[in-house]
Amino acid sequence: MWKRDEAVKPTTGPSILPTGPAVQSQPSSTSASSAEARQQIGRDVVNIGKSVVIKGELNGSEDLTIEGQVEGKIELKDHVLTIGANGKIKAHVFAKSLIVLGEVNGNVTASEKVEIRDGGSVDGDIVSPRVAIAEGAHFRGSVDMQRKSGQQAPGQQPRPATQPAPPAQTAVQIAQPVAR
Amino acid sequence: MAFSDLFARLRKDEDDADAGADSPAQPTKALARFLAGLGTRPQPVLLDLGPVVGSNVTFFGEEVGCKILVEDLSKDIDRHVHQAKVDALPAFFDTRFPQESDTIDGILCWDIFDYLERAAAERLARQLTRMLRPDGVLLAFFSTADPRSAIRPTYTRHVVIDRAHLQYRPYKAARAKQRPLLNRDIQRLLEPLRITENVLLKTNLREVLFRKPAAASVAPSAAPQAGR
């Protein structure tokens, strides 16, 4: 038997649910997780566990911590996104604030702040009014602290860091806890 | 404390060799001129060839208003050394930079040329002059001391304290500095850029500020030579 709590830890509300029509996963596990997530409205931080792999678009309206893997696009425009030490992100990220302790491969746009902590790694272009990079952090790309988030200077092309999966093919893969 | 912890800590100290966090601030004459050269544009694009330093990103991004591109060449050099492919560095530099010609307003080379042999330095210089916008500025440091005096090879992390001071923080390198370049060699290396400041500091470091003449756009033949 697998422990459902280890797969997705919805310490909170339901807003980490992937968007898009197609959700491919173990039917029982996702529906159970979503139901559980819906029941826990009212808490503030969502935690995606390290065994979770998400491919597609991730939207949210509350703070989120990711310890697993996400490929595609993450939008948390009014909230704080934390990439934990085990988190591996290959995605375009839009958030109010981003804290990176794990790996991010993709362009990042934050309306308030981007923090890359010791051991954290970002490969991609950052657009944010405030950027803090700790010693011991890895960063390769560009930093633009001038423009408001979401705007792109004329003639500037974002670094093609990742190829986000189209939303229509959104799939949630619960990697580890598959009941067999 | 267990012995393993103790040894791990000692090993980490040795590896980092980054004990310069409390080293004194060193004066710099050319940085202020470099910043003045950048200041003529609304949002200058700055290419930093050194390791990423958080406080520098804040300084150049918030205070100067630059868009910063970080391309840490010391990692590239180390990788080539570890793979015993130092001879491939000149060709590597030909395709290293995806930036288009005449798009960069300022380049911070720091002391990266000190770690390159002539062929690699020339190919890197060619790419830098290609990317630099006419009237753009390039700041490079050149050691005048004999590199053989160094016991353990180190790179230097240049931390901007303010417009007139830098802090040098050494950290472990896979390769020692090469033979120092003469003034004439430095001038020729980055032609057609013009030297506008050349300051020899008491630390035996030569700070050289280059400017690309307005009409000196590099000929198309020197554009990125991918696939050569």
# chains A, B, ... in the order shown; residues from 1 in each chain; ligands from 1
call {"tool": "closest_atom_pairs", "arguments": {"of": "chain B", "to": "chain A", "cutoff": "7 Å", "atoms": "only C-alpha atoms", "output": "CSV"}}
result
residue,atom,partner,partner_atom,distance
B:Val52,CA,A:Phe139,CA,6.6
B:Val53,CA,A:Glu135,CA,7.0
B:Gly54,CA,A:Ile133,CA,4.2
B:Thr58,CA,A:Val131,CA,6.7
B:Gly61,CA,A:Met145,CA,5.7
B:Glu62,CA,A:Met145,CA,6.7
B:Gly65,CA,A:Gln146,CA,6.5
B:Lys67,CA,A:Asp144,CA,4.7
B:Ile68,CA,A:Val143,CA,5.0
B:Leu69,CA,A:Ser142,CA,4.1
B:Val70,CA,A:Gly141,CA,5.6
B:Glu71,CA,A:Arg140,CA,6.4
call {"tool": "atom_distance", "arguments": {"atom1": "atom CA of A:Ile54", "atom2": "atom CA of A:Gly124"}}
result
19.8 Å
call {"tool": "residues_around", "arguments": {"residues": "stretch 81-98 of chain A", "least_positions_apart": "4", "cutoff": "7 Å", "atoms": "only C-alpha atoms", "output": "ChimeraX atom specification"}}
result
/A:50,63-77,102-115,162,164
call {"tool": "select_by_dssp", "arguments": {"residues": "stretch 27-139 of chain A", "states": "helix (DSSP H, G or I)", "output": "list in words"}}
result
Pro27, Ser28, Ser29, Thr30, Ser31, Ala32, Ser33, Ser34, Ala35, Glu36, Ala37, Arg38 and Gln39 of chain A
call {"tool": "write_last_selection", "arguments": {"atoms": "C-alpha atoms", "output": "tab-separated table (two decimals), in the first residue's frame"}}
result
chain	number	residue	atom	x	y	z
A	27	PRO	CA	-7.20	7.61	-12.01
A	28	SER	CA	-7.68	6.63	-8.43
A	29	SER	CA	-4.68	8.50	-7.10
A	30	THR	CA	-5.35	11.84	-8.80
A	31	SER	CA	-9.00	11.95	-8.08
A	32	ALA	CA	-8.34	11.04	-4.50
A	33	SER	CA	-5.67	13.71	-4.24
A	34	SER	CA	-7.90	16.34	-5.80
A	35	ALA	CA	-10.76	15.47	-3.57
A	36	GLU	CA	-8.53	15.62	-0.60
A	37	ALA	CA	-7.10	18.91	-1.77
A	38	ARG	CA	-10.54	20.39	-2.20
A	39	GLN	CA	-11.44	19.43	1.31
call {"tool": "closest_residue", "arguments": {"among": "B:Leu89, B:Leu35, B:Ile186, B:Leu73", "to": "B:Trp110", "atoms": "only C-alpha atoms"}}
result
B:Leu73
call {"tool": "select_by_dssp", "arguments": {"residues": "stretch 53-176 of chain B", "states": "strand (DSSP E)", "output": "VMD selection string"}}
result
chain B and resid 67 to 70 104 to 110 132 to 143 154 to 162 165 to 172
